[in-house]
Amino acid sequence: MTSPITLAAHLVRRFFGHLRATPLSPGEQDLVADALSPELAQLFHRQSPPDQRHAFDVARRVRSALPTDDAAFSAALLHDVGKAVAAIGPIARSLATVFDALRIPMPAHWRSYRNHGAIGADALTAAGAPTLAVVFARHHPGPAPEGIDPDVWNALVAADNV
Ligand SMILES: [Fe+2]
């Protein structure tokens, strides 16, 4: 299990990142449109503006680490689309993370937030997403599943954990 200090630092960083997030610029939106099919772009745009910013920043870091890997770029853009289902704010997200860590029962929509990986992976499968995007949405931030290049996986996880 994550240590309480690591968890607290992560929550504080994520909370202020959410508050400071700026919407994607037109140029950034063009990069998203170039990378994703219309169905997948629709899932991307269902996310809140701060979640779109987070996903885009992860994708940008992945592009620096793996400049020619378009599948990794797309997987980064799409990895948190399941969070749109729960649609809860930054304070509830932090509380849901703490409740989950402490195994405290929580409301159903908080539970959806904590299950966003599986929810997103199912939505991505239905929208015809590439395998890496589906698998990364479902299993991040865990270890690389069988059949996935660990270097690509580790670059994705590192880019998500900044
Ligand atoms: Fe993420």
# chains A, B, ... in the order shown; residues from 1 in each chain; ligands from 1

call {"tool": "closest_atom_pairs", "arguments": {"of": "range 36-69 of chain A", "to": "range 84-87 of chain A", "cutoff": "7 Å", "atoms": "only C-alpha atoms", "output": "JSON lines"}}
result
{"residue": "A:Arg46", "atom": "CA", "partner": "A:Ala84", "partner_atom": "CA", "distance": 6.3}
{"residue": "A:Gln47", "atom": "CA", "partner": "A:Ala84", "partner_atom": "CA", "distance": 5.0}
{"residue": "A:Ser48", "atom": "CA", "partner": "A:Ala84", "partner_atom": "CA", "distance": 7.0}

call {"tool": "closest_atom_pairs", "arguments": {"of": "chain A", "to": "ligand 1", "cutoff": "8 Å", "atoms": "only C-alpha atoms and all ligand atoms", "output": "CSV"}}
result
residue,atom,partner,partner_atom_place_in_ligand_line,distance
A:His54,CA,ligand 1,1 (Fe),6.7
A:Ala55,CA,ligand 1,1 (Fe),6.4
A:Val58,CA,ligand 1,1 (Fe),7.4
A:His79,CA,ligand 1,1 (Fe),6.4
A:Asp80,CA,ligand 1,1 (Fe),5.5
A:Asp160,CA,ligand 1,1 (Fe),5.1
A:Asn161,CA,ligand 1,1 (Fe),7.4

call {"tool": "closest_atom_pairs", "arguments": {"of": "range 39-143 of chain A", "to": "range 29-33 of chain A", "cutoff": "10 Å", "atoms": "only C-alpha atoms", "output": "Markdown table"}}
result
| residue | atom | partner | partner_atom | distance |
| --- | --- | --- | --- | --- |
| A:Leu40 | CA | A:Ala33 | CA | 9.3 |
| A:Ala41 | CA | A:Ala33 | CA | 6.5 |
| A:Gln42 | CA | A:Ala33 | CA | 9.7 |
| A:Phe44 | CA | A:Val32 | CA | 8.5 |
| A:His45 | CA | A:Val32 | CA | 9.6 |
| A:Gln52 | CA | A:Gln29 | CA | 9.8 |
| A:Phe56 | CA | A:Val32 | CA | 8.1 |
| A:Ala59 | CA | A:Val32 | CA | 9.7 |
| A:Phe73 | CA | A:Val32 | CA | 9.5 |
| A:Ser74 | CA | A:Val32 | CA | 8.3 |
| A:Leu77 | CA | A:Val32 | CA | 7.7 |

call {"tool": "write_last_selection", "arguments": {"atoms": "C-alpha atoms", "output": "PDB file, in the first residue's frame"}}
result
ATOM      1  CA  LEU A  40     -12.329   8.560 -29.142  1.00  0.00           C
ATOM      2  CA  ALA A  41     -12.129  12.350 -29.349  1.00  0.00           C
ATOM      3  CA  GLN A  42     -15.701  12.422 -28.072  1.00  0.00           C
ATOM      4  CA  PHE A  44     -11.689  12.773 -24.500  1.00  0.00           C
ATOM      5  CA  HIS A  45     -13.947  15.842 -24.635  1.00  0.00           C
ATOM      6  CA  GLN A  52      -8.359  17.222 -20.365  1.00  0.00           C
ATOM      7  CA  PHE A  56      -2.792  16.329 -22.500  1.00  0.00           C
ATOM      8  CA  ALA A  59       0.612  12.826 -23.443  1.00  0.00           C
ATOM      9  CA  PHE A  73       0.498   9.338 -27.134  1.00  0.00           C
ATOM     10  CA  SER A  74      -3.128   8.265 -27.694  1.00  0.00           C
ATOM     11  CA  LEU A  77      -4.728  11.165 -23.868  1.00  0.00           C
TER      12      LEU A  77
END

call {"tool": "closest_residue", "arguments": {"among": "A:Asp69, A:Asp57, A:Asp151, A:Asp122", "to": "Arg138 in chain A", "atoms": "only C-alpha atoms"}}
result
A:Asp122

call {"tool": "closest_residue", "arguments": {"among": "A:Thr131, A:Ser94, A:Thr6, A:Thr125", "to": "Tyr113 in chain A", "atoms": "only C-alpha atoms"}}
result
A:Ser94

call {"tool": "atom_distance", "arguments": {"atom1": "CA of Ala144 in chain A", "atom2": "CA of Pro105 in chain A"}}
result
29.1 Å

call {"tool": "atom_distance", "arguments": {"atom1": "CA of Gly82 in chain A", "atom2": "CA of Ala121 in chain A"}}
result
7.4 Å

call {"tool": "select_by_dssp", "arguments": {"residues": "range 64-102 of chain A", "states": "helix (DSSP H, G or I)", "output": "tab-separated table (two decimals) with C-alpha atoms, in the first residue's frame"}}
result
chain	number	residue	atom	x	y	z
A	64	SER	CA	9.13	13.65	-25.16
A	65	ALA	CA	10.07	10.20	-23.87
A	70	ASP	CA	1.66	7.45	-31.59
A	71	ALA	CA	-0.08	4.60	-29.73
A	72	ALA	CA	1.50	5.71	-26.45
A	73	PHE	CA	0.50	9.34	-27.13
A	74	SER	CA	-3.13	8.26	-27.69
A	75	ALA	CA	-3.10	5.98	-24.64
A	76	ALA	CA	-1.97	8.92	-22.50
A	77	LEU	CA	-4.73	11.16	-23.87
A	78	LEU	CA	-7.36	8.55	-23.06
A	83	LYS	CA	-13.36	9.80	-14.50
A	84	ALA	CA	-16.03	11.65	-16.50
A	85	VAL	CA	-18.59	9.06	-15.34
A	86	ALA	CA	-18.16	9.93	-11.67
A	90	PRO	CA	-11.27	17.80	-6.50
A	91	ILE	CA	-12.18	17.69	-2.80
A	92	ALA	CA	-14.43	14.64	-3.20
A	93	ARG	CA	-11.72	12.98	-5.32
A	94	SER	CA	-9.19	13.45	-2.55
A	95	LEU	CA	-11.63	12.16	0.05
A	96	ALA	CA	-12.52	9.16	-2.14
A	97	THR	CA	-8.82	8.32	-2.44
A	98	VAL	CA	-8.35	8.53	1.33
A	99	PHE	CA	-11.53	6.54	2.07
A	100	ASP	CA	-10.40	3.87	-0.39
A	101	ALA	CA	-6.94	3.68	1.20

call {"tool": "closest_residue", "arguments": {"among": "A:Leu102, A:Asp51, A:Pro26, A:Ala158", "to": "Leu7 in chain A", "atoms": "only C-alpha atoms"}}
result
A:Leu102

call {"tool": "residues_around", "arguments": {"residues": "Pro50 in chain A", "least_positions_apart": "3", "cutoff": "6 Å", "atoms": "only C-alpha atoms", "output": "list in words"}}
result
His18, Ala21 and Arg53 of chain A

call {"tool": "decode", "arguments": {"residues": "range 18-102 of chain A", "atoms": "C-alpha atoms", "output": "short mmCIF file (atom, residue, chain, number, x, y, z; two decimals), in the first residue's frame"}}
result
data_model
loop_
_atom_site.label_atom_id
_atom_site.label_comp_id
_atom_site.auth_asym_id
_atom_site.auth_seq_id
_atom_site.Cartn_x
_atom_site.Cartn_y
_atom_site.Cartn_z
CA HIS A 18 -6.70 20.63 -10.69
CA LEU A 19 -7.34 24.18 -9.45
CA ARG A 20 -4.57 25.70 -11.61
CA ALA A 21 -5.41 23.77 -14.80
CA THR A 22 -5.89 25.86 -17.94
CA PRO A 23 -8.15 24.75 -20.84
CA LEU A 24 -6.47 23.34 -23.94
CA SER A 25 -5.39 25.93 -26.49
CA PRO A 26 -6.66 25.66 -30.10
CA GLY A 27 -3.25 24.25 -31.12
CA GLU A 28 -3.44 21.60 -28.39
CA GLN A 29 -6.99 20.72 -29.42
CA ASP A 30 -5.74 20.23 -32.99
CA LEU A 31 -3.13 17.75 -31.73
CA VAL A 32 -5.89 15.81 -29.93
CA ALA A 33 -8.06 15.79 -33.07
CA ASP A 34 -5.12 14.54 -35.16
CA ALA A 35 -4.35 11.73 -32.70
CA LEU A 36 -7.84 10.35 -32.04
CA SER A 37 -10.74 9.00 -34.10
CA PRO A 38 -13.97 11.03 -33.78
CA GLU A 39 -15.40 8.42 -31.36
CA LEU A 40 -12.33 8.56 -29.14
CA ALA A 41 -12.13 12.35 -29.35
CA GLN A 42 -15.70 12.42 -28.07
CA LEU A 43 -14.64 10.43 -24.99
CA PHE A 44 -11.69 12.77 -24.50
CA HIS A 45 -13.95 15.84 -24.63
CA ARG A 46 -16.44 14.38 -22.15
CA GLN A 47 -13.75 14.94 -19.51
CA SER A 48 -13.76 18.15 -17.48
CA PRO A 49 -11.30 20.85 -18.67
CA PRO A 50 -8.87 20.08 -15.79
CA ASP A 51 -8.94 16.37 -16.69
CA GLN A 52 -8.36 17.22 -20.36
CA ARG A 53 -5.38 19.34 -19.27
CA HIS A 54 -4.01 16.50 -17.14
CA ALA A 55 -4.38 13.97 -19.99
CA PHE A 56 -2.79 16.33 -22.50
CA ASP A 57 0.15 17.07 -20.19
CA VAL A 58 0.70 13.33 -19.66
CA ALA A 59 0.61 12.83 -23.44
CA ARG A 60 3.10 15.64 -23.99
CA ARG A 61 5.52 14.07 -21.50
CA VAL A 62 5.08 10.69 -23.21
CA ARG A 63 5.82 12.32 -26.57
CA SER A 64 9.13 13.65 -25.16
CA ALA A 65 10.07 10.20 -23.87
CA LEU A 66 8.82 8.26 -26.92
CA PRO A 67 8.76 10.76 -29.82
CA THR A 68 7.61 8.31 -32.53
CA ASP A 69 5.11 6.24 -30.52
CA ASP A 70 1.66 7.45 -31.59
CA ALA A 71 -0.08 4.60 -29.73
CA ALA A 72 1.50 5.71 -26.45
CA PHE A 73 0.50 9.34 -27.13
CA SER A 74 -3.13 8.26 -27.69
CA ALA A 75 -3.10 5.98 -24.64
CA ALA A 76 -1.97 8.92 -22.50
CA LEU A 77 -4.73 11.16 -23.87
CA LEU A 78 -7.36 8.55 -23.06
CA HIS A 79 -6.15 6.96 -19.83
CA ASP A 80 -8.54 8.76 -17.43
CA VAL A 81 -11.71 9.06 -19.56
CA GLY A 82 -13.55 6.92 -16.98
CA LYS A 83 -13.36 9.80 -14.50
CA ALA A 84 -16.03 11.65 -16.50
CA VAL A 85 -18.59 9.06 -15.34
CA ALA A 86 -18.16 9.93 -11.67
CA ALA A 87 -18.02 13.69 -12.32
CA ILE A 88 -16.90 14.67 -8.82
CA GLY A 89 -14.81 17.67 -7.82
CA PRO A 90 -11.27 17.80 -6.50
CA ILE A 91 -12.18 17.69 -2.80
CA ALA A 92 -14.43 14.64 -3.20
CA ARG A 93 -11.72 12.98 -5.32
CA SER A 94 -9.19 13.45 -2.55
CA LEU A 95 -11.63 12.16 0.05
CA ALA A 96 -12.52 9.16 -2.14
CA THR A 97 -8.82 8.32 -2.44
CA VAL A 98 -8.35 8.53 1.33
CA PHE A 99 -11.53 6.54 2.07
CA ASP A 100 -10.40 3.87 -0.39
CA ALA A 101 -6.94 3.68 1.20
CA LEU A 102 -8.53 3.29 4.63
#
